[in-house]
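A.B. asks: Have a look at the structure that comes next, please.
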Amino acid sequence: MTADSTATPTTGSRPAPPGDPTAGQGYRSPLLAAAGAVPATAPDLGVADHYGDPLREQRDAGRGAAVVDRSHRGVIRVTGPDRLSWLHSITSQHLDALPAMRGSEALVLSPHGHVEHHMVIADDGTATWLDVEPGTSPALLAYLESMRFLLRVEPVDVGADHAVVSVIGPDAVQVVTGALGSLDHPLALFRGRPTQDTTVGDDDPLARGPYPLARPTAVPAGTPGEERPDSAGTLVRGMPYGVDLLVAHAELAGTVERLRSAGATLAGVGAFEALRVAARRPRLGSDTDHRTIPHEVGWLSTAVHLDKGCYRGQETVARVHNLGRPPRRMVLLHLDGTTVTRGAPVSAGGRTVGFVGTSAVHAELGPVALAIIKRTVADDAPLVVLDPEEGEVAASIDPAGGPAQPTRPAGRLAR
């Protein structure tokens, strides 16, 4: 992804929300032409769910590296000297001190603190790139445009020209450097979740950006006369699961081929989703609803900075965190023999206590799902998922519990 790329802001009809069957309906990745490709269903229309053997694709990612086509995600580029202070003021993250070549996550909240948008951020020193759920970039762009006022910022929807590709697994960095060449910054992967036990001004992992960025500085030598896509503009971001590449859409297929030549296997988005569920990483629209607040799904550790205020929804964030009583929580469910439909009710003792988000077959754990349930449901409570197709499916909560929450109070800084 290049900082000087240009595109016209997307306009048109009201965008489909995350998880809506129409999200991404007009997009078809060139990688769907690969051997064995099986198209994914909503919310991942336009890319492959798998390439013939989804469980093998998960195992390959676990022991080496796999490349996943996530080119259906939306991409917004924000330029201008005020971009970081502006994004700092309208999102949940501390961004005005974000160094160049660092990445983070942020939310846009409603006035009542409900999650409206989730974005993964990369700032290359010239532009801030936001990649978001399929179908959500027009609505996010409209919100950003409404908040520009007289500031020197320029948000543009560049999803038609740029794409996200993920390389997952323990050998991700090795494969990326083998395919694209040496990187201008070291790319140690951020394992686990950031903590907020320090304040801004100390060694603050959120304010300085937990996800390192880099660009290739040299293209590995290939066969004489072989044409290779230009990787110099590719932006590389280390993530807990591996590496994200932000590439020009025209270079998508060529970049994936180079990654495969460097040792990555091709995996569908289904493998990415199964591993995401097992890692308890929520996804907007798939594992959330209109009532979701950050505390319920673990975003308080990755996408919300507790030391900042004066952004929309901040009062709810501080109040609920300081009281320590979010009304619901996200859990990992083990399902009896089958996956279930997104949105299916979860019941305990004959009473509905929540709903299922993403459900997948994990190569080691079997059928699993993320679910949002009432805080008061005991970890050892026998649960039943009321699936419209499978009927009653027994479920149990994984004993490892949900994402860790920050332990210190919110609201130390009024900024």
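In the structure tokens, the first chain shown is A, the next is B, and so on; residue numbers restart at 1 for each chain, and ligands run from 1 in the order shown.
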So that I can see what lies close to Leu332 (chain A), please list as a list in words the residues with an atom at most 9 Å from it, counting only C-alpha atoms and leaving out residues fewer than 3 positions away in the same chain.
C.D. replies: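 Listing them by chain and then by number gives Val277, Ala278, Ala279, Arg280, Val368, Ala369, Leu370, Ala371, Ser396, Ile397, Asp398, Pro399, Ala400, Gly401 and Gly402 of chain A.
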A.B. asks: Fewer than 6 positions away in the same chain doesn't count, so skip those; otherwise give me all residues within 9 Å of region 96-112 of chain A, counting only C-alpha atoms, as a PyMOL selection string.
C.D. replies: chain A and resi 83-90+118-126+130+140+185+206-214+237-238+293-294+299+302-305+311-316
A.B. asks: What is the CA of Arg328 (chain A)-CA of Gly349 (chain A) distance in Å, reported with one decimal?
C.D. replies: 17.5 Å
A.B. asks: I need the strand (DSSP E or B) residues of region 138-197 of chain A per DSSP on the backbone, written as an MDAnalysis selection string.
C.D. replies: chainID A and resid 154:157 162:168 183
A.B. asks: Selected residues, all heavy atoms, written as an mmCIF file, in the first residue's frame, please.
C.D. replies:
```
data_model
loop_
_atom_site.group_PDB
_atom_site.id
_atom_site.type_symbol
_atom_site.label_atom_id
_atom_site.label_comp_id
_atom_site.auth_asym_id
_atom_site.auth_seq_id
_atom_site.Cartn_x
_atom_site.Cartn_y
_atom_site.Cartn_z
ATOM 1 N N GLU A 154 -7.958 14.351 5.372
ATOM 2 C CA GLU A 154 -8.614 13.932 4.134
ATOM 3 C C GLU A 154 -8.841 12.421 4.173
ATOM 4 O O GLU A 154 -7.970 11.628 3.814
ATOM 5 C CB GLU A 154 -7.752 14.294 2.924
ATOM 6 C CG GLU A 154 -8.430 14.054 1.594
ATOM 7 C CD GLU A 154 -9.612 14.987 1.354
ATOM 8 O OE1 GLU A 154 -9.540 16.140 1.809
ATOM 9 O OE2 GLU A 154 -10.597 14.549 0.726
ATOM 10 N N PRO A 155 -10.023 11.969 4.629
ATOM 11 C CA PRO A 155 -10.316 10.533 4.608
ATOM 12 C C PRO A 155 -10.864 10.114 3.241
ATOM 13 O O PRO A 155 -11.715 10.796 2.659
ATOM 14 C CB PRO A 155 -11.379 10.383 5.699
ATOM 15 C CG PRO A 155 -12.080 11.717 5.729
ATOM 16 C CD PRO A 155 -11.078 12.752 5.305
ATOM 17 N N VAL A 156 -10.366 9.005 2.718
ATOM 18 C CA VAL A 156 -10.769 8.515 1.398
ATOM 19 C C VAL A 156 -10.939 7.001 1.453
ATOM 20 O O VAL A 156 -10.105 6.298 2.044
ATOM 21 C CB VAL A 156 -9.708 8.876 0.322
ATOM 22 C CG1 VAL A 156 -10.141 8.358 -1.047
ATOM 23 C CG2 VAL A 156 -9.476 10.374 0.262
ATOM 24 N N ASP A 157 -12.006 6.498 0.853
ATOM 25 C CA ASP A 157 -12.218 5.056 0.738
ATOM 26 C C ASP A 157 -11.365 4.546 -0.429
ATOM 27 O O ASP A 157 -11.598 4.898 -1.577
ATOM 28 C CB ASP A 157 -13.695 4.754 0.485
ATOM 29 C CG ASP A 157 -14.024 3.271 0.552
ATOM 30 O OD1 ASP A 157 -13.131 2.455 0.255
ATOM 31 O OD2 ASP A 157 -15.171 2.932 0.882
ATOM 32 N N HIS A 162 -6.845 -1.204 -2.890
ATOM 33 C CA HIS A 162 -5.930 -1.790 -1.911
ATOM 34 C C HIS A 162 -6.600 -2.963 -1.215
ATOM 35 O O HIS A 162 -7.825 -3.000 -1.079
ATOM 36 C CB HIS A 162 -5.489 -0.739 -0.889
ATOM 37 C CG HIS A 162 -4.742 0.397 -1.504
ATOM 38 N ND1 HIS A 162 -5.379 1.470 -2.091
ATOM 39 C CD2 HIS A 162 -3.425 0.609 -1.651
ATOM 40 C CE1 HIS A 162 -4.470 2.304 -2.561
ATOM 41 N NE2 HIS A 162 -3.285 1.809 -2.307
ATOM 42 N N ALA A 163 -5.786 -3.909 -0.767
ATOM 43 C CA ALA A 163 -6.309 -5.154 -0.216
ATOM 44 C C ALA A 163 -5.488 -5.594 0.988
ATOM 45 O O ALA A 163 -4.306 -5.284 1.103
ATOM 46 C CB ALA A 163 -6.294 -6.250 -1.286
ATOM 47 N N VAL A 164 -6.144 -6.359 1.859
ATOM 48 C CA VAL A 164 -5.497 -6.952 3.032
ATOM 49 C C VAL A 164 -5.273 -8.435 2.769
ATOM 50 O O VAL A 164 -6.184 -9.146 2.349
ATOM 51 C CB VAL A 164 -6.364 -6.770 4.290
ATOM 52 C CG1 VAL A 164 -5.707 -7.450 5.494
ATOM 53 C CG2 VAL A 164 -6.607 -5.302 4.575
ATOM 54 N N VAL A 165 -4.051 -8.878 2.996
ATOM 55 C CA VAL A 165 -3.693 -10.288 2.946
ATOM 56 C C VAL A 165 -3.025 -10.620 4.274
ATOM 57 O O VAL A 165 -2.181 -9.852 4.747
ATOM 58 C CB VAL A 165 -2.726 -10.590 1.784
ATOM 59 C CG1 VAL A 165 -2.325 -12.063 1.786
ATOM 60 C CG2 VAL A 165 -3.353 -10.216 0.450
ATOM 61 N N SER A 166 -3.387 -11.742 4.876
ATOM 62 C CA SER A 166 -2.783 -12.133 6.154
ATOM 63 C C SER A 166 -1.950 -13.394 5.984
ATOM 64 O O SER A 166 -2.350 -14.330 5.290
ATOM 65 C CB SER A 166 -3.858 -12.368 7.214
ATOM 66 O OG SER A 166 -4.545 -11.164 7.515
ATOM 67 N N VAL A 167 -0.781 -13.393 6.613
ATOM 68 C CA VAL A 167 0.063 -14.588 6.700
ATOM 69 C C VAL A 167 0.066 -14.992 8.163
ATOM 70 O O VAL A 167 0.526 -14.236 9.026
ATOM 71 C CB VAL A 167 1.491 -14.322 6.201
ATOM 72 C CG1 VAL A 167 2.304 -15.614 6.219
ATOM 73 C CG2 VAL A 167 1.464 -13.729 4.790
ATOM 74 N N ILE A 168 -0.482 -16.160 8.459
ATOM 75 C CA ILE A 168 -0.669 -16.581 9.840
ATOM 76 C C ILE A 168 0.231 -17.773 10.146
ATOM 77 O O ILE A 168 0.578 -18.551 9.259
ATOM 78 C CB ILE A 168 -2.147 -16.924 10.129
ATOM 79 C CG1 ILE A 168 -2.650 -18.027 9.192
ATOM 80 C CG2 ILE A 168 -3.008 -15.677 9.970
ATOM 81 C CD1 ILE A 168 -4.096 -18.453 9.457
ATOM 82 N N LEU A 183 13.205 -6.144 5.438
ATOM 83 C CA LEU A 183 12.287 -5.095 5.884
ATOM 84 C C LEU A 183 13.059 -3.953 6.521
ATOM 85 O O LEU A 183 14.125 -4.160 7.104
ATOM 86 C CB LEU A 183 11.284 -5.665 6.892
ATOM 87 C CG LEU A 183 10.441 -6.851 6.407
ATOM 88 C CD1 LEU A 183 9.570 -7.378 7.532
ATOM 89 C CD2 LEU A 183 9.590 -6.463 5.202
#
```
A.B. asks: Pull the helix (DSSP H, G or I) assignments for region 116-290 of chain A out of DSSP run on the backbone, and list those residues as an mmCIF file with C-alpha atoms, in the first residue's frame.
C.D. replies:
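Saved as out17.cif:
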```cif
data_model
loop_
_atom_site.group_PDB
_atom_site.id
_atom_site.type_symbol
_atom_site.label_atom_id
_atom_site.label_comp_id
_atom_site.auth_asym_id
_atom_site.auth_seq_id
_atom_site.Cartn_x
_atom_site.Cartn_y
_atom_site.Cartn_z
ATOM 1 C CA SER A 137 -16.309 1.451 5.085
ATOM 2 C CA PRO A 138 -19.001 3.673 3.482
ATOM 3 C CA ALA A 139 -20.720 4.220 6.843
ATOM 4 C CA LEU A 140 -17.410 4.837 8.617
ATOM 5 C CA LEU A 141 -16.314 7.249 5.886
ATOM 6 C CA ALA A 142 -19.595 9.151 6.205
ATOM 7 C CA TYR A 143 -19.021 9.498 9.941
ATOM 8 C CA LEU A 144 -15.444 10.656 9.438
ATOM 9 C CA GLU A 145 -16.550 13.213 6.858
ATOM 10 C CA SER A 146 -19.157 14.556 9.273
ATOM 11 C CA ALA A 172 4.880 -15.761 9.103
ATOM 12 C CA VAL A 173 7.734 -13.236 9.336
ATOM 13 C CA GLN A 174 10.221 -15.649 7.775
ATOM 14 C CA VAL A 175 7.900 -16.297 4.839
ATOM 15 C CA VAL A 176 7.151 -12.609 4.318
ATOM 16 C CA THR A 177 10.816 -11.643 4.226
ATOM 17 C CA GLY A 178 11.535 -14.573 1.942
ATOM 18 C CA ALA A 179 8.853 -13.415 -0.462
ATOM 19 C CA LEU A 180 9.222 -9.636 -0.308
ATOM 20 C CA HIS A 249 -5.182 -4.774 -5.507
ATOM 21 C CA ALA A 250 -3.411 -5.137 -8.837
ATOM 22 C CA GLU A 251 -0.595 -6.977 -7.022
ATOM 23 C CA LEU A 252 -2.809 -9.270 -4.934
ATOM 24 C CA ALA A 253 -2.474 -12.476 -6.959
ATOM 25 C CA GLY A 254 1.238 -11.970 -7.619
ATOM 26 C CA THR A 255 1.976 -11.272 -3.953
ATOM 27 C CA VAL A 256 0.159 -14.423 -2.864
ATOM 28 C CA GLU A 257 2.109 -16.494 -5.386
ATOM 29 C CA ARG A 258 5.386 -15.114 -4.057
ATOM 30 C CA LEU A 259 4.341 -15.959 -0.493
ATOM 31 C CA ARG A 260 3.518 -19.503 -1.551
ATOM 32 C CA SER A 261 6.862 -19.822 -3.296
ATOM 33 C CA VAL A 269 -10.860 -17.421 5.445
ATOM 34 C CA GLY A 270 -12.563 -20.351 7.199
ATOM 35 C CA ALA A 271 -9.226 -21.394 8.697
ATOM 36 C CA PHE A 272 -8.575 -17.831 9.832
ATOM 37 C CA GLU A 273 -12.019 -17.714 11.451
ATOM 38 C CA ALA A 274 -11.649 -21.033 13.260
ATOM 39 C CA LEU A 275 -8.318 -19.945 14.739
ATOM 40 C CA ARG A 276 -9.783 -16.541 15.625
ATOM 41 C CA VAL A 277 -12.659 -18.167 17.504
ATOM 42 C CA ALA A 278 -10.290 -20.429 19.460
#
```
A.B. asks: For Arg59 (chain A), which of A:Gly169, A:Gly298, A:Gly242, A:Pro406 is the closest residue, counting only C-alpha atoms?
C.D. replies: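 For Arg59 (chain A), the nearest of the candidates is A:Gly169.
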A.B. asks: With 12 Å as the cut-off and only C-alpha atoms counted, what is the closest atom pair between each nearby residue of region 24-143 of chain A and region 337-344 of chain A? Distances in Å to one decimal, ordered by chain and number, as JSON lines.
C.D. replies:
```
{"residue": "A:Thr41", "atom": "CA", "partner": "A:Arg342", "partner_atom": "CA", "distance": 12.0}
{"residue": "A:Ala42", "atom": "CA", "partner": "A:Arg342", "partner_atom": "CA", "distance": 10.5}
{"residue": "A:Pro43", "atom": "CA", "partner": "A:Arg342", "partner_atom": "CA", "distance": 10.7}
```
A.B. asks: Give me a file of those residues, with N, CA, C and O atoms, as a PDB file, in the first residue's frame.
C.D. replies:
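Saved as again.pdb:
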```pdb
ATOM      1  N   THR A  41     -19.412 -17.762   2.519  1.00  0.00           N
ATOM      2  CA  THR A  41     -20.724 -17.139   2.666  1.00  0.00           C
ATOM      3  C   THR A  41     -20.572 -15.865   3.499  1.00  0.00           C
ATOM      4  O   THR A  41     -19.485 -15.530   3.965  1.00  0.00           O
ATOM      5  N   ALA A  42     -21.665 -15.132   3.681  1.00  0.00           N
ATOM      6  CA  ALA A  42     -21.642 -13.900   4.458  1.00  0.00           C
ATOM      7  C   ALA A  42     -21.134 -14.183   5.876  1.00  0.00           C
ATOM      8  O   ALA A  42     -21.433 -15.238   6.439  1.00  0.00           O
ATOM      9  N   PRO A  43     -20.332 -13.302   6.434  1.00  0.00           N
ATOM     10  CA  PRO A  43     -19.988 -11.965   5.950  1.00  0.00           C
ATOM     11  C   PRO A  43     -18.730 -11.906   5.097  1.00  0.00           C
ATOM     12  O   PRO A  43     -18.138 -10.845   4.954  1.00  0.00           O
TER      13      PRO A  43
END
```
A.B. asks: Could you name the residues that touch Leu284 (chain A) at 8 Å or less, counting only C-alpha atoms, but leaving out those on the same chain fewer than 3 positions away, as a PyMOL selection string?
C.D. replies: chain A and resi 18+117-118+133+287-288
A.B. asks: Would you save the residues from that selection as a CSV table (one decimal), in the first residue's frame, using N, CA and C atoms?
C.D. replies:
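The new file out.csv reads:
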```csv
chain,number,residue,atom,x,y,z
A,18,PRO,N,-22.2,-5.3,9.0
A,18,PRO,CA,-21.4,-6.5,9.0
A,18,PRO,C,-22.3,-7.7,9.2
A,117,HIS,N,-18.2,0.8,15.2
A,117,HIS,CA,-17.1,0.5,14.2
A,117,HIS,C,-15.9,0.0,15.0
A,118,HIS,N,-15.2,-1.0,14.3
A,118,HIS,CA,-13.9,-1.4,14.8
A,118,HIS,C,-13.0,-1.3,13.7
A,133,GLU,N,-14.3,-4.1,8.7
A,133,GLU,CA,-15.1,-5.2,8.3
A,133,GLU,C,-15.7,-4.9,6.9
A,287,ASP,N,-19.8,-11.3,16.1
A,287,ASP,CA,-19.9,-11.6,17.5
A,287,ASP,C,-20.4,-10.5,18.4
A,288,THR,N,-21.0,-9.5,17.8
A,288,THR,CA,-21.6,-8.3,18.5
A,288,THR,C,-23.0,-8.1,18.0
```
A.B. asks: What is the distance between CA of Leu386 (chain A) and CA of Leu333 (chain A), in Å to one decimal?
C.D. replies: 13.6 Å
A.B. asks: Nearest to Asp131 (chain A) among A:Ser92, A:Ser286, A:Ser71, A:Ser359, with distances taken over only C-alpha atoms: which residue is it?
C.D. replies: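 That would be A:Ser71, the residue with the smallest distance to Asp131 (chain A).
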A.B. asks: Hey, which of A:Val78, A:Val47, A:Cys310, A:Leu300 ends up closest to Thr91 (chain A)? Count only C-alpha atoms.
C.D. replies: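 Closest residue, counting only C-alpha atoms: A:Cys310.
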A.B. asks: Could you give me, as an mmCIF file with C-alpha atoms, in the first residue's frame, the residues within 12 Å of Pro345 (chain A), counting only C-alpha atoms and dropping anything in the same chain fewer than 2 positions from it?
C.D. replies:
```
data_model
loop_
_atom_site.group_PDB
_atom_site.id
_atom_site.type_symbol
_atom_site.label_atom_id
_atom_site.label_comp_id
_atom_site.auth_asym_id
_atom_site.auth_seq_id
_atom_site.Cartn_x
_atom_site.Cartn_y
_atom_site.Cartn_z
ATOM 1 C CA VAL A 340 -24.631 -23.724 14.773
ATOM 2 C CA THR A 341 -26.156 -20.715 13.061
ATOM 3 C CA ARG A 342 -24.917 -17.226 13.870
ATOM 4 C CA GLY A 343 -27.470 -15.511 16.106
ATOM 5 C CA SER A 347 -30.409 -21.011 26.934
ATOM 6 C CA ALA A 348 -29.681 -22.174 30.466
ATOM 7 C CA GLY A 350 -34.954 -23.112 29.952
ATOM 8 C CA ARG A 351 -34.232 -19.370 29.872
ATOM 9 C CA THR A 352 -32.539 -17.493 27.048
ATOM 10 C CA VAL A 353 -29.236 -16.094 28.312
ATOM 11 C CA GLY A 354 -27.478 -14.991 25.137
ATOM 12 C CA PHE A 355 -26.722 -15.676 21.489
ATOM 13 C CA VAL A 356 -24.096 -17.392 19.354
ATOM 14 C CA GLY A 357 -21.683 -15.384 17.225
ATOM 15 C CA ALA A 371 -21.198 -16.458 22.318
ATOM 16 C CA ILE A 372 -22.408 -13.426 24.230
ATOM 17 C CA ILE A 373 -24.146 -14.461 27.439
ATOM 18 C CA LEU A 383 -26.168 -24.704 28.060
ATOM 19 C CA VAL A 384 -28.326 -25.439 25.038
ATOM 20 C CA VAL A 385 -28.117 -23.671 21.683
ATOM 21 C CA LEU A 386 -31.478 -23.520 19.906
ATOM 22 C CA ASP A 387 -30.364 -23.853 16.303
ATOM 23 C CA PRO A 388 -33.079 -23.395 13.644
ATOM 24 C CA GLY A 391 -32.496 -28.187 16.872
ATOM 25 C CA GLU A 392 -31.145 -28.316 20.418
ATOM 26 C CA VAL A 393 -27.360 -28.525 20.580
ATOM 27 C CA ALA A 395 -22.881 -26.617 24.776
#
```
A.B. asks: Give me, please, the distance in Å between CA of Asp380 (chain A) and CA of Asp336 (chain A), quoted to one decimal.
C.D. replies: 15.3 Å
A.B. asks: Calculated over only C-alpha atoms, which of the candidates A:Gly36, A:Pro170, A:Pro186, A:Pro409 has the smallest distance to Asp60 (chain A)?
C.D. replies: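 With only C-alpha atoms as the atom set, the closest residue is A:Pro170.
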A.B. asks: Neighbouring residues of Thr217 (chain A) were defined as those with any atom within 7 Å, considering only C-alpha atoms; residues of the same chain fewer than 6 positions away were excluded. Please report them as a list in words.
C.D. replies: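 Returned residues: Gly181, Ser182, Leu183, Asp184 and Ala232 of chain A.
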A.B. asks: Given the choices A:Leu55, A:Leu245, A:Leu45, A:Ala267, which gets closest to Ala360 (chain A) if the distance is worked out from only C-alpha atoms?
C.D. replies: A:Leu55
